[in-house]
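Okay, my_file33.cif is below, mmCIF, C-alpha atoms and all ligand atoms:
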```
data_input
loop_
_atom_site.label_atom_id
_atom_site.label_comp_id
_atom_site.auth_asym_id
_atom_site.auth_seq_id
_atom_site.Cartn_x
_atom_site.Cartn_y
_atom_site.Cartn_z
CA ILE X 1 0.00 0.00 0.00
CA LYS X 2 2.83 2.31 0.86
CA PHE X 3 4.45 1.73 -2.53
CA PHE X 4 1.18 2.43 -4.33
CA LYS X 5 0.68 5.68 -2.42
CA GLN X 6 4.18 6.82 -3.27
CA ARG X 7 3.63 6.26 -6.97
CA LYS X 8 0.37 8.20 -6.87
CA THR X 9 1.97 11.30 -5.46
CA ARG X 10 4.90 11.14 -7.84
CA PHE X 11 2.71 11.31 -10.93
CA PRO X 12 -0.58 13.01 -10.06
CA ALA X 13 -3.48 12.04 -12.34
CA LYS X 14 -3.85 15.49 -13.83
CA VAL X 15 -0.48 14.99 -15.46
CA ASN X 16 -0.90 13.44 -18.91
CA ILE X 17 2.78 13.07 -19.69
CA SER X 18 5.67 13.01 -17.28
CA THR X 19 9.22 11.88 -17.85
CA LYS X 20 11.93 11.40 -15.31
CA ASN X 21 15.62 11.64 -16.15
CA LEU X 22 15.02 10.51 -19.70
CA TYR X 23 18.01 9.70 -21.92
CA LYS X 24 18.27 8.53 -25.50
CA ASN X 25 21.54 7.48 -27.01
CA TYR X 26 22.07 6.93 -30.72
CA SER X 27 25.39 5.36 -31.68
CA GLY X 28 27.30 6.68 -28.70
CA THR X 29 25.74 10.16 -28.62
CA ASP X 30 23.13 11.28 -26.12
CA VAL X 31 20.47 13.02 -28.22
CA LEU X 32 18.21 13.39 -25.16
CA LYS X 33 19.78 14.24 -21.83
CA ASN X 34 18.00 14.06 -18.52
CA ILE X 35 14.60 15.20 -19.83
CA ASN X 36 11.98 15.92 -17.15
CA ILE X 37 8.90 17.14 -18.96
CA ASN X 38 5.39 17.57 -17.59
CA VAL X 39 2.34 17.96 -19.78
CA ASN X 40 -0.78 18.60 -17.75
CA LYS X 41 -4.32 17.68 -18.66
CA GLY X 42 -5.79 20.53 -20.72
CA ASP X 43 -2.46 21.93 -21.88
CA ILE X 44 -1.53 22.93 -25.36
CA TYR X 45 2.11 22.28 -24.67
CA ALA X 46 4.50 23.73 -27.23
CA LEU X 47 7.80 21.91 -27.47
CA ILE X 48 10.14 24.43 -29.05
CA GLY X 49 13.59 23.65 -30.36
CA LYS X 50 15.78 24.01 -33.42
CA ASN X 51 16.07 21.23 -35.98
CA GLY X 52 17.95 18.35 -34.44
CA ALA X 53 17.26 19.44 -30.85
CA GLY X 54 15.56 16.16 -30.06
CA LYS X 55 11.82 16.93 -30.38
CA THR X 56 10.97 14.02 -32.66
CA THR X 57 13.00 11.56 -30.61
CA LEU X 58 11.18 12.60 -27.43
CA MET X 59 7.79 12.25 -29.13
CA LYS X 60 8.74 8.83 -30.52
CA ILE X 61 9.63 7.62 -27.04
CA LEU X 62 6.30 8.86 -25.68
CA THR X 63 4.33 7.09 -28.40
CA GLY X 64 6.39 3.91 -28.18
CA GLN X 65 8.01 4.19 -31.61
CA THR X 66 11.41 3.97 -29.99
CA MET X 67 12.69 3.09 -26.50
CA GLN X 68 14.54 5.39 -24.16
CA THR X 69 18.08 4.38 -23.19
CA ASP X 70 17.42 5.36 -19.58
CA GLY X 71 14.80 7.09 -17.45
CA GLU X 72 11.08 6.76 -16.94
CA VAL X 73 7.95 7.69 -18.89
CA SER X 74 4.54 8.06 -17.31
CA LEU X 75 1.33 8.47 -19.30
CA PHE X 76 -1.88 9.50 -17.55
CA GLY X 77 -0.28 8.74 -14.21
CA GLU X 78 0.80 5.24 -15.16
CA SER X 79 4.42 4.29 -15.65
CA GLU X 80 4.27 0.49 -15.57
CA ASN X 81 1.87 -0.35 -18.37
CA LEU X 82 2.27 2.34 -21.01
CA ASN X 83 0.21 0.52 -23.64
CA ALA X 84 -3.05 1.41 -21.92
CA GLY X 85 -2.12 5.09 -22.00
CA ARG X 86 -0.95 4.90 -25.59
CA HIS X 87 -4.43 3.82 -26.68
CA ASN X 88 -5.53 7.27 -25.56
CA ILE X 89 -2.98 9.05 -27.72
CA GLY X 90 -3.45 10.24 -31.28
CA THR X 91 -0.29 11.13 -33.10
CA ILE X 92 1.30 12.49 -36.24
CA ILE X 93 5.04 12.08 -36.05
CA GLU X 94 5.97 10.95 -39.51
CA GLU X 95 3.61 11.97 -42.30
CA PRO X 96 0.67 9.60 -42.38
CA SER X 97 0.30 7.81 -45.70
CA PHE X 98 -2.81 8.63 -47.61
CA PHE X 99 -3.80 7.35 -51.05
CA PRO X 100 -3.17 10.19 -53.50
CA TYR X 101 -6.07 9.37 -55.81
CA LEU X 102 -8.67 8.90 -53.08
CA SER X 103 -10.86 11.57 -51.49
CA ALA X 104 -10.64 12.60 -47.83
CA ARG X 105 -13.66 10.45 -47.03
CA LYS X 106 -12.34 7.34 -48.83
CA ASN X 107 -8.94 7.70 -47.16
CA LEU X 108 -10.49 7.89 -43.70
CA GLU X 109 -12.87 5.07 -44.57
CA TYR X 110 -9.86 2.89 -45.42
CA TYR X 111 -8.33 3.52 -41.98
CA ARG X 112 -11.66 3.03 -40.21
CA ILE X 113 -11.96 -0.46 -41.69
CA GLN X 114 -8.27 -1.21 -41.11
CA ARG X 115 -8.63 -0.30 -37.45
CA GLY X 116 -11.78 -2.34 -37.03
CA ILE X 117 -13.97 0.59 -36.02
CA LYS X 118 -17.56 -0.52 -36.62
CA ASP X 119 -19.31 2.82 -36.32
CA LYS X 120 -19.39 4.22 -39.88
CA SER X 121 -20.51 7.66 -38.76
CA VAL X 122 -17.00 8.22 -37.36
CA VAL X 123 -15.73 9.26 -40.79
CA ASP X 124 -18.32 11.99 -41.30
CA GLU X 125 -17.82 13.27 -37.78
CA LEU X 126 -14.07 13.51 -38.30
CA LEU X 127 -14.41 15.25 -41.67
CA TYR X 128 -16.73 17.77 -40.06
CA LYS X 129 -14.45 18.25 -37.08
CA VAL X 130 -11.45 19.16 -39.23
CA GLY X 131 -13.49 21.18 -41.75
CA LEU X 132 -13.04 18.82 -44.72
CA GLU X 133 -16.68 17.80 -45.02
CA LYS X 134 -17.15 19.72 -48.25
CA THR X 135 -14.18 18.39 -50.19
CA GLY X 136 -16.32 15.80 -51.99
CA LYS X 137 -14.49 13.81 -54.63
CA LYS X 138 -11.39 15.95 -54.67
CA SER X 139 -8.44 13.62 -54.43
CA PHE X 140 -5.81 13.89 -51.73
CA LYS X 141 -3.04 14.77 -54.19
CA ASN X 142 -4.88 18.00 -55.05
CA PHE X 143 -5.25 19.10 -51.43
CA SER X 144 -3.39 22.11 -50.12
CA LEU X 145 -0.76 21.32 -47.48
CA GLY X 146 -3.12 22.70 -44.82
CA MET X 147 -5.88 20.34 -45.95
CA LYS X 148 -3.43 17.44 -45.91
CA GLN X 149 -2.41 18.31 -42.37
CA ARG X 150 -6.04 18.54 -41.29
CA LEU X 151 -6.72 15.11 -42.76
CA GLY X 152 -3.71 13.85 -40.80
CA ILE X 153 -5.21 15.32 -37.65
CA ALA X 154 -8.56 13.69 -38.48
CA LEU X 155 -6.78 10.34 -38.65
CA ALA X 156 -4.98 11.03 -35.37
CA LEU X 157 -8.40 11.72 -33.82
CA MET X 158 -10.02 8.53 -35.11
CA ASN X 159 -9.66 6.62 -31.86
CA SER X 160 -11.07 9.55 -29.80
CA PRO X 161 -7.78 10.18 -28.01
CA LYS X 162 -7.47 12.30 -24.86
CA LEU X 163 -4.03 13.41 -25.94
CA LEU X 164 -2.63 14.45 -29.32
CA ILE X 165 1.10 14.37 -30.02
CA LEU X 166 1.91 16.32 -33.18
CA ASP X 167 5.39 16.78 -34.57
CA GLU X 168 5.73 20.08 -36.47
CA PRO X 169 2.21 20.02 -37.97
CA ILE X 170 2.48 23.67 -39.00
CA ASN X 171 5.85 23.34 -40.71
CA GLY X 172 5.68 24.39 -44.35
CA LEU X 173 2.09 25.63 -44.30
CA ASP X 174 1.10 28.91 -45.93
CA PRO X 175 -0.43 31.62 -43.68
CA THR X 176 -3.99 30.42 -44.34
CA GLY X 177 -3.03 26.84 -43.58
CA ILE X 178 -1.31 27.91 -40.37
CA VAL X 179 -4.44 29.71 -39.17
CA GLU X 180 -6.65 26.75 -40.10
CA VAL X 181 -4.56 24.23 -38.21
CA ARG X 182 -4.13 26.54 -35.20
CA ASN X 183 -7.88 27.17 -35.00
CA LEU X 184 -8.60 23.47 -35.26
CA LEU X 185 -6.20 22.63 -32.44
CA LYS X 186 -7.59 25.40 -30.25
CA ASP X 187 -11.12 24.16 -30.87
CA LEU X 188 -10.19 20.56 -30.04
CA ASN X 189 -8.51 21.71 -26.86
CA GLU X 190 -11.17 24.11 -25.66
CA ASN X 191 -14.33 22.34 -26.79
CA GLU X 192 -13.38 18.68 -26.74
CA GLY X 193 -10.93 18.70 -23.86
CA VAL X 194 -8.07 17.25 -25.90
CA THR X 195 -4.62 17.81 -24.40
CA ILE X 196 -2.03 18.58 -27.05
CA LEU X 197 1.74 18.23 -27.20
CA ILE X 198 2.94 19.98 -30.33
CA SER X 199 6.42 20.78 -31.58
CA SER X 200 7.86 23.58 -33.66
CA HIS X 201 11.18 25.23 -34.38
CA ILE X 202 9.44 28.62 -34.49
CA LEU X 203 8.12 29.94 -31.18
CA THR X 204 5.79 32.55 -32.68
CA GLU X 205 4.06 29.86 -34.72
CA LEU X 206 2.51 28.46 -31.56
CA SER X 207 2.48 31.47 -29.26
CA SER X 208 -1.16 32.30 -30.00
CA ILE X 209 -2.42 28.89 -28.87
CA ALA X 210 0.10 27.41 -26.44
CA THR X 211 -0.70 27.40 -22.74
CA ARG X 212 2.69 26.02 -21.72
CA TYR X 213 6.14 25.85 -23.25
CA GLY X 214 9.11 23.56 -23.08
CA PHE X 215 12.31 24.76 -24.72
CA ILE X 216 14.61 22.01 -25.86
CA ASN X 217 18.16 22.51 -27.02
CA ASP X 218 20.84 20.01 -27.82
CA GLY X 219 18.85 17.23 -26.16
CA LYS X 220 18.20 19.16 -22.94
CA LEU X 221 14.97 20.69 -21.69
CA VAL X 222 16.36 24.13 -20.89
CA GLN X 223 13.16 25.77 -19.68
CA GLU X 224 9.54 24.90 -18.98
CA LEU X 225 7.11 27.78 -18.39
CA THR X 226 3.48 28.84 -18.64
CA LYS X 227 2.04 31.29 -21.13
CA SER X 228 1.73 34.02 -18.52
CA GLU X 229 5.33 33.50 -17.41
CA LEU X 230 6.47 33.83 -21.01
CA ASP X 231 4.35 36.96 -21.49
CA LYS X 232 5.90 38.46 -18.40
CA ASN X 233 9.40 37.68 -19.61
CA CYS X 234 8.67 39.31 -22.95
CA THR X 235 7.29 42.66 -21.82
CA ASN X 236 8.53 45.79 -23.53
CA LYS X 237 11.07 47.60 -21.44
CA ILE X 238 13.63 50.37 -21.46
CA VAL X 239 17.04 49.44 -20.12
CA LEU X 240 19.46 52.13 -19.09
CA GLN X 241 22.97 51.97 -17.75
CA VAL X 242 24.07 54.90 -15.68
CA GLY X 243 26.73 56.04 -13.23
CA GLU X 244 24.37 55.85 -10.26
CA ALA X 245 21.15 53.90 -10.68
CA LYS X 246 19.44 55.10 -7.49
CA LYS X 247 20.11 58.76 -8.20
CA ALA X 248 18.91 58.38 -11.79
CA LEU X 249 15.72 56.81 -10.56
CA VAL X 250 14.97 59.66 -8.16
CA VAL X 251 15.40 62.10 -11.04
CA MET X 252 13.21 60.11 -13.42
CA THR X 253 10.48 59.63 -10.84
CA ARG X 254 10.40 63.36 -10.20
CA MET X 255 10.75 64.63 -13.77
CA LEU X 256 9.07 61.91 -15.83
CA ASN X 257 6.71 60.33 -13.34
CA VAL X 258 8.32 56.90 -13.83
CA LYS X 259 6.34 54.34 -11.83
CA ASN X 260 7.14 50.79 -12.93
CA PHE X 261 10.80 49.97 -12.72
CA ASN X 262 13.36 47.57 -11.40
CA ILE X 263 16.89 48.34 -10.24
CA ILE X 264 18.92 45.45 -11.63
CA ASN X 265 22.24 46.54 -10.11
CA ASP X 266 24.10 49.75 -9.11
CA ASN X 267 24.29 50.79 -12.75
CA THR X 268 21.30 49.21 -14.47
CA ILE X 269 17.62 50.11 -14.37
CA GLU X 270 14.73 48.58 -16.26
CA ILE X 271 11.61 50.69 -16.84
CA TYR X 272 8.30 49.13 -17.82
CA ASP X 273 6.16 52.29 -18.10
CA LYS X 274 4.65 52.90 -21.52
CA ASN X 275 4.85 56.10 -23.60
CA LEU X 276 8.21 57.25 -22.33
CA ALA X 277 10.48 58.87 -24.89
CA LEU X 278 14.14 57.85 -24.82
CA LYS X 279 15.23 61.43 -25.46
CA ASP X 280 13.35 62.65 -22.36
CA ILE X 281 15.04 60.02 -20.24
CA SER X 282 18.49 60.89 -21.53
CA LYS X 283 17.80 64.62 -21.04
CA ALA X 284 16.63 64.06 -17.46
CA VAL X 285 19.61 61.92 -16.54
CA ILE X 286 22.30 64.02 -18.20
CA SER X 287 20.93 67.36 -17.02
CA ASN X 288 21.30 66.10 -13.47
CA ASP X 289 24.96 65.26 -13.99
CA ILE X 290 24.47 61.53 -13.94
CA GLU X 291 26.60 59.61 -16.40
CA LEU X 292 24.58 57.78 -19.05
CA TYR X 293 26.38 54.78 -20.56
CA SER X 294 23.59 53.28 -22.61
CA LEU X 295 19.88 53.56 -23.16
CA GLU X 296 17.76 51.21 -25.22
CA GLN X 297 14.24 50.10 -25.85
CA LYS X 298 13.92 46.31 -25.76
CA LYS X 299 11.00 45.04 -27.73
CA ALA X 300 9.00 42.01 -26.74
CA ASN X 301 10.26 39.56 -29.27
CA LEU X 302 9.45 35.92 -28.79
CA GLU X 303 12.05 34.62 -31.20
CA GLU X 304 14.76 36.59 -29.46
CA TYR X 305 13.54 35.23 -26.17
CA PHE X 306 13.84 31.72 -27.58
CA LEU X 307 17.38 32.38 -28.81
CA ASP X 308 18.21 33.81 -25.42
CA VAL X 309 16.91 30.75 -23.61
CA ILE X 310 18.95 28.41 -25.75
CA GLY X 311 22.02 30.59 -25.31
CA GLU X 312 22.19 32.04 -28.80
CA GLY X 313 20.89 35.54 -28.09
CA ASP X 314 22.68 38.28 -29.99
CA VAL X 315 24.40 40.21 -27.21
CA MET X 316 25.92 42.79 -29.56
CA ARG X 317 22.53 43.71 -30.94
CA GLY X 318 21.20 44.00 -27.42
CA GLY X 319 18.11 42.12 -28.47
CA GLY X 320 18.25 39.46 -25.80
CA LEU X 321 16.40 39.63 -22.57
CA SER X 322 19.09 38.55 -20.20
CA ALA X 323 20.95 41.86 -20.32
P1 LIG X 401 13.92 17.89 -36.63
O1 LIG X 401 12.86 18.93 -36.53
O2 LIG X 401 15.02 18.25 -37.58
O3 LIG X 401 13.41 16.49 -36.80
P2 LIG X 401 14.24 17.28 -33.87
O4 LIG X 401 14.32 18.32 -32.82
O5 LIG X 401 12.96 16.56 -34.02
O6 LIG X 401 14.66 17.93 -35.22
P3 LIG X 401 15.42 14.70 -33.68
O7 LIG X 401 14.87 14.24 -34.99
O8 LIG X 401 14.82 14.14 -32.46
O9 LIG X 401 15.43 16.26 -33.60
O10 LIG X 401 16.98 14.37 -33.68
C1 LIG X 401 17.82 14.61 -32.57
C2 LIG X 401 19.19 14.07 -32.88
O11 LIG X 401 19.14 12.65 -32.95
C3 LIG X 401 19.74 14.55 -34.22
O12 LIG X 401 21.11 14.81 -34.05
C4 LIG X 401 19.53 13.37 -35.12
O13 LIG X 401 20.50 13.34 -36.12
C5 LIG X 401 19.66 12.20 -34.18
N1 LIG X 401 18.87 11.03 -34.58
C6 LIG X 401 17.52 10.99 -34.72
N2 LIG X 401 17.11 9.75 -35.08
C7 LIG X 401 18.23 8.99 -35.19
C8 LIG X 401 18.48 7.61 -35.52
N3 LIG X 401 17.48 6.79 -35.82
N4 LIG X 401 19.76 7.20 -35.51
C9 LIG X 401 20.77 8.01 -35.19
N5 LIG X 401 20.60 9.32 -34.87
C10 LIG X 401 19.36 9.80 -34.85
#
```
Represent the structure of the file as structure tokens.
Amino acid sequence: IKFFKQRKTRFPAKVNISTKNLYKNYSGTDVLKNININVNKGDIYALIGKNGAGKTTLMKILTGQTMQTDGEVSLFGESENLNAGRHNIGTIIEEPSFFPYLSARKNLEYYRIQRGIKDKSVVDELLYKVGLEKTGKKSFKNFSLGMKQRLGIALALMNSPKLLILDEPINGLDPTGIVEVRNLLKDLNENEGVTILISSHILTELSSIATRYGFINDGKLVQELTKSELDKNCTNKIVLQVGEAKKALVVMTRMLNVKNFNIINDNTIEIYDKNLALKDISKAVISNDIELYSLEQKKANLEEYFLDVIGEGDVMRGGGLSA
């Protein structure tokens, strides 16, 4: 009983995916290193990393397409028998194969029969769900990439999974296709309660739908954070470096009514107030005989944040957020 209780607390049921010290080694190289990832029920979890970072490998381990070298995977709170959990997962990791000369309906019908699903209405429901119900006889080869992706998602949904694992489903889509797929995923998440783990090498691609983020670089999960934490980290700010930070702040509070700020160190201040002109700040500081070393507006830029997190922020440009 004690053992059972311990396992329960380690992987609470609201966690859909949890890994512990996960490693994957391919021919002598660790391509995943000590991954501890947590995807909660209801998340749209964006796994962000450059090509080769290890996203696909991690997803393949979760879906059972490859085995980890070391470490533990838990699905829906269960780490012993993963097969049960995997029946509740729909996935697109490698492109699903569809027959080029068949319609959306015929392609799905083929998979319905192959999977032994008796209920024929499933196909129509899926077509409707992904917005392909009006494609009629149009054959798959004439679909746009966005339509192809949506058909892939329909197939991933065929077994009514609680969790979708999608590897770069937005990659290569045109702007319309991107919006279509994003809207579909949002709808599935919000209205059907499907938890989604989705990967991309472009943070902004998923920033309008993701509720949580995991940044992966060189096989390591370098940061896991919620949407609101990311938003906070990406606020617009003015950063100034001065001779005396405290004195400069007194001046700016008095002359410019600066209210939201943070003294980073003796020489660095961050200001979060909006509508402040850089020239007014420099005038206020200099006219009070305080040395001004640098003054810059740092824009909220998600891609720069991503580069910063993975240690590739451009320090010279001053675009990173760790300054
Ligand atoms: P991409 O978006 O390019 O697929 P990724 O983040 O999904 O990138 P992975 O495909 O997981 O990255 O690859 C991570 C590393 O593991 C890469 O260096 C890759 O070359 C290597 N790798 C992946 N599969 C194998 C394999 N079957 N054998 C050997 N090395 C592999």
Counting all atoms listed in the file, which residues in chain X sit no more than 10 Å from ligand LIG 401 (chain X)? For each one, give the nearest pair of atoms and the distance in Å, sorted by chain then residue number, as a tab-separated table.
```
residue	atom	partner	partner_atom	distance
X:Lys24	CA	X:LIG401	O11	8.6
X:Asn25	CA	X:LIG401	N5	8.1
X:Tyr26	CA	X:LIG401	C9	4.8
X:Ser27	CA	X:LIG401	C9	6.4
X:Gly28	CA	X:LIG401	C9	9.3
X:Thr29	CA	X:LIG401	N5	8.1
X:Asp30	CA	X:LIG401	O11	8.0
X:Val31	CA	X:LIG401	O11	4.9
X:Leu32	CA	X:LIG401	C1	7.5
X:Leu47	CA	X:LIG401	O4	9.2
X:Ile48	CA	X:LIG401	O4	8.3
X:Gly49	CA	X:LIG401	O4	5.9
X:Lys50	CA	X:LIG401	O4	5.9
X:Asn51	CA	X:LIG401	O2	3.5
X:Gly52	CA	X:LIG401	O9	3.4
X:Ala53	CA	X:LIG401	O4	3.7
X:Gly54	CA	X:LIG401	O8	3.2
X:Lys55	CA	X:LIG401	O4	3.8
X:Thr56	CA	X:LIG401	O5	3.5
X:Thr57	CA	X:LIG401	O8	3.7
X:Leu58	CA	X:LIG401	O8	6.4
X:Met59	CA	X:LIG401	O8	8.0
X:Lys60	CA	X:LIG401	O8	8.3
X:Ile61	CA	X:LIG401	O8	9.9
X:Thr66	CA	X:LIG401	N3	8.9
X:Ile93	CA	X:LIG401	O5	9.3
X:Glu94	CA	X:LIG401	O3	9.7
X:Asp167	CA	X:LIG401	O5	7.6
X:Glu168	CA	X:LIG401	O1	7.2
X:Asn171	CA	X:LIG401	O1	9.3
X:Ser199	CA	X:LIG401	O5	8.2
X:Ser200	CA	X:LIG401	O1	7.4
X:His201	CA	X:LIG401	O1	6.9
X:Ile216	CA	X:LIG401	O4	7.9
X:Asn217	CA	X:LIG401	O4	8.1
X:Asp218	CA	X:LIG401	C1	7.8
X:Gly219	CA	X:LIG401	C1	7.0
```
Counting all atoms listed in the file, note down every residue that has an atom within 10 Å of the point (-4.7, 17.7, -53.7) (file coordinates), as a PyMOL selection string. chain X and resi 100-104+138-145+147-148
Restricting the calculation to only C-alpha atoms, which member of X:Glu303, X:Glu190, X:Asp308, X:Glu80 is positioned closest to Gln223 (chain X)?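 Ranked by minimum distance to Gln223 (chain X), first place goes to X:Asp308.
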Restricting the calculation to only C-alpha atoms, which member of X:Glu133, X:Leu82, X:Arg112, X:Tyr23 is positioned closest to Thr69 (chain X)? X:Tyr23
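What separates CA of Leu307 (chain X) from CA of Lys33 (chain X) is a distance of 19.6 Å.
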Work out how far apart CA of Asn189 (chain X) and CA of Gly42 (chain X) are and give it in Å to one decimal. 6.8 Å
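Remark: for Val130 (chain X), the closest of the candidate residues X:Asn183, X:Gln65, X:Asn107, X:Thr204 is X:Asn183 (distances computed over only C-alpha atoms).
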What is the distance, in Å and to one decimal place, between CA of Leu230 (chain X) and CA of Tyr213 (chain X)?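 Separating CA of Leu230 (chain X) from CA of Tyr213 (chain X) is a distance of 8.3 Å.
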Neighbouring residues of Leu302 (chain X) were defined as those with any atom within 12 Å, considering all atoms listed in the file; residues of the same chain fewer than 4 positions away were excluded. Please report them as a compact mmCIF listing (two decimals) with C-alpha atoms, keeping the file's coordinate frame.
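As a result, selection02.txt now contains:
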```txt
# COMPACT_ATOMS: atom_id res chain seq x y z
CA ILE X 48 10.14 24.43 -29.05
CA ILE X 202 9.44 28.62 -34.49
CA LEU X 203 8.12 29.94 -31.18
CA THR X 204 5.79 32.55 -32.68
CA GLU X 205 4.06 29.86 -34.72
CA LEU X 206 2.51 28.46 -31.56
CA SER X 207 2.48 31.47 -29.26
CA SER X 208 -1.16 32.30 -30.00
CA TYR X 213 6.14 25.85 -23.25
CA LYS X 227 2.04 31.29 -21.13
CA LEU X 230 6.47 33.83 -21.01
CA ASP X 231 4.35 36.96 -21.49
CA LYS X 232 5.90 38.46 -18.40
CA ASN X 233 9.40 37.68 -19.61
CA CYS X 234 8.67 39.31 -22.95
CA THR X 235 7.29 42.66 -21.82
CA ASN X 236 8.53 45.79 -23.53
CA LYS X 298 13.92 46.31 -25.76
CA PHE X 306 13.84 31.72 -27.58
CA LEU X 307 17.38 32.38 -28.81
CA ASP X 308 18.21 33.81 -25.42
CA VAL X 309 16.91 30.75 -23.61
CA GLY X 313 20.89 35.54 -28.09
CA GLY X 319 18.11 42.12 -28.47
CA GLY X 320 18.25 39.46 -25.80
CA LEU X 321 16.40 39.63 -22.57
```
Nearest to Gly131 (chain X) among X:Ser97, X:Glu192, X:Met67, X:Val181, with distances taken over all atoms listed in the file: which residue is it?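 Under the stated criterion, the closest residue is X:Val181.
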Could you check which of X:Lys220, X:Met158, X:Ala277, X:His87 is closest to Leu22 (chain X), using all atoms listed in the file?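 Under the stated criterion, the closest residue is X:Lys220.
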Hey, which of X:Val258, X:Val179, X:Ile165, X:Ile113 ends up closest to Glu270 (chain X)? Count all atoms listed in the file.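 Using all atoms listed in the file, the shortest distance to Glu270 (chain X) belongs to X:Val258.
Proximity to region 34-39 of chain X at 6 Å, evaluated using only C-alpha atoms and with sequence-adjacent residues fewer than 5 positions away removed, yields X:Val15, X:Asn16, X:Ile17, X:Ser18, X:Thr19, X:Lys20, X:Asn21, X:Leu22, X:Tyr23, X:Leu221.
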Could you work out an axis-aligned bounding box for all listed atoms of region 38-52 of chain X, with 4 Å added on each of the six sides, and give its centre and edge lengths in Å to one decimal, as JSON?
```
{"center_x": 6.1, "center_y": 21.0, "center_z": -26.8, "size_x": 31.7, "size_y": 14.9, "size_z": 26.4}
```
Report as JSON lines the residues of region 44-111 of chain X within 12 Å of region 193-196 of chain X, each with its shortest atom pair and distance in Å (one decimal), using only C-alpha atoms, ordered by chain and increasing residue number.
```
{"residue": "X:Ile44", "atom": "CA", "partner": "X:Ile196", "partner_atom": "CA", "distance": 4.7}
{"residue": "X:Tyr45", "atom": "CA", "partner": "X:Ile196", "partner_atom": "CA", "distance": 6.0}
{"residue": "X:Ala46", "atom": "CA", "partner": "X:Ile196", "partner_atom": "CA", "distance": 8.3}
{"residue": "X:Leu47", "atom": "CA", "partner": "X:Ile196", "partner_atom": "CA", "distance": 10.4}
{"residue": "X:Met59", "atom": "CA", "partner": "X:Ile196", "partner_atom": "CA", "distance": 11.9}
{"residue": "X:Phe76", "atom": "CA", "partner": "X:Thr195", "partner_atom": "CA", "distance": 11.1}
{"residue": "X:Asn88", "atom": "CA", "partner": "X:Val194", "partner_atom": "CA", "distance": 10.3}
{"residue": "X:Ile89", "atom": "CA", "partner": "X:Thr195", "partner_atom": "CA", "distance": 9.5}
{"residue": "X:Gly90", "atom": "CA", "partner": "X:Ile196", "partner_atom": "CA", "distance": 9.5}
{"residue": "X:Thr91", "atom": "CA", "partner": "X:Ile196", "partner_atom": "CA", "distance": 9.8}
{"residue": "X:Ile92", "atom": "CA", "partner": "X:Ile196", "partner_atom": "CA", "distance": 11.5}
```
Cut-off 7 Å around (14.9, 53.8, -16.3) with only C-alpha atoms: residues as an MDAnalysis selection string: chainID X and resid 238:240 249 261 269:271
